[in-house]
Amino acid sequence: EPESEDGLSLREESIFTAIVIFITAFLSLSAFIFEAVKLQYIPLFTEDMPHAYSYFHITGVHYFTTAFVLLPSEAAVYLMLRKKEGSPLRFCLMDAAVCFCAFLGLLLPVLLVSRFQLILSAALCIFTILIIRRESLQGLLSGRRLILSLLIAISALGLYIFLTIERAHSVEYLRSIFEMRDPGLPIWVIQPYIYVANNFDNLNCLVRDLSQHTHGLRMLYPLLVFTGIKFFHPELVSFPIYVTKEELTTLTIAYDAYYDFGIPGVVIFALILGALMGLIEMRIMRRGSRCRYMLWYVTAAQPVFYLALSFFTTWYSNPSTWFYMGASAMSYVFICICMRISEKRRQHGKGL
């Protein structure tokens, strides 16, 4: 029985999406192995080394190592394409390989002992699924899927606690930093609250102690990194970070906007960010609006996630943020080019 045009197009899109996943996984795993060999250790297997992940970093290479945060999201897109295609048994080996890559996206942050990367990897996947399935969330969260979601959440919490323990920070050390008044509260319960609350304390510290603004240099940091200017003119990025405690350096999304231009900078940044989110909502999330190829939702999910966790870090003045967005955008362009070539070949075949 001849296959429909839509079915053939979905199959091709899923194959090209799988290729993107394999390329991302290969680059990430290769970069991780290179760093591990070069530095001669893996953070998870170190002892008495509280900041092992911070030292596990080779300039330029580490961006590719942490590209694994995109793998679960890309795998979710692939599996949804396979479901829409309606032929789940055709490429069972490819399906298994994609699922392994998604697992790799959760395994590598554990090996790196990075709670941040684990949260980013899992949450981007969740946000991508929610955006794609926005019109059928009731079916998505019903019955067995709800139970499965709870089990996944419990497993994620267990991983978070495990990584907290493996970071080689003693309970006494953490209690002294957090200045906990109730010694009976477990660290893993109070720690997320402390980080969130301290972020806003750090912003208050900046407003109180900043002597002069940097007029755009803080927000331009990713550009200074990717162009290499940072290495030739380090004075352009050597500004102090105003925090309440040296160990608690997580910041709010508005921190660098205020650092650069004060209140006007925060207002302008908020307007730009609001316009961006409005564009995403209008073009992607409204009913009846569709992206031509589903891999675009991985790119769209990132600014949504960054806004949801705006208390976590500055995000947009972080080079990694732009690296992930650039990598996912390039992957989408790759899909567009491959699909266009495939469509032209089909049309040429029909013409003959």
# chains A, B, ... in the order shown; residues from 1 in each chain; ligands from 1
$ residues_around --residues "Ile19 in chain A" --least-positions-apart "5" --cutoff "10 Å" --atoms "only C-alpha atoms" --output "PyMOL selection string"
chain A and resi 13-14+24-25+94+98+331+334-335
$ residues_around --residues "range 344-349 of chain A" --least-positions-apart "4" --cutoff "12 Å" --atoms "only C-alpha atoms" --output "VMD selection string"
chain A and resid 5 8 to 9 12 337 to 340
$ write_last_selection --atoms "N, CA, C and O atoms" --output "CSV table (one decimal), in the first residue's frame"
chain,number,residue,atom,x,y,z
A,5,GLU,N,1.6,11.2,1.5
A,5,GLU,CA,2.6,12.3,1.5
A,5,GLU,C,3.0,12.7,2.9
A,5,GLU,O,4.2,12.9,3.2
A,8,LEU,N,5.0,10.0,4.8
A,8,LEU,CA,6.4,10.0,4.3
A,8,LEU,C,7.2,11.2,4.8
A,8,LEU,O,8.3,11.1,5.2
A,9,SER,N,6.6,12.4,4.8
A,9,SER,CA,7.2,13.6,5.3
A,9,SER,C,7.5,13.4,6.8
A,9,SER,O,8.6,13.8,7.3
A,12,GLU,N,10.5,11.1,7.3
A,12,GLU,CA,11.8,11.8,7.0
A,12,GLU,C,12.2,12.8,8.0
A,12,GLU,O,13.3,12.8,8.4
A,337,ILE,N,16.7,22.4,5.8
A,337,ILE,CA,17.5,22.2,4.6
A,337,ILE,C,17.3,20.7,4.1
A,337,ILE,O,17.0,20.5,2.9
A,338,CYS,N,17.4,19.8,5.0
A,338,CYS,CA,17.3,18.4,4.6
A,338,CYS,C,15.9,18.1,4.1
A,338,CYS,O,15.7,17.4,3.1
A,339,MET,N,14.8,18.6,4.8
A,339,MET,CA,13.5,18.4,4.3
A,339,MET,C,13.2,19.1,3.0
A,339,MET,O,12.5,18.5,2.1
A,340,ARG,N,13.8,20.2,2.7
A,340,ARG,CA,13.6,20.9,1.5
A,340,ARG,C,14.2,20.1,0.3
A,340,ARG,O,13.6,19.9,-0.7
$ closest_residue --among "A:Ser317, A:Asn204, A:Ser310, A:Asn198" --to "Lys245 in chain A" --atoms "only C-alpha atoms"
A:Asn198
$ atom_distance --atom1 "CA of Phe226 in chain A" --atom2 "CA of Glu281 in chain A"
29.6 Å
$ closest_residue --among "A:Leu210, A:Ala31, A:Ala123, A:Ile268" --to "Ile58 in chain A" --atoms "only C-alpha atoms"
A:Ala31
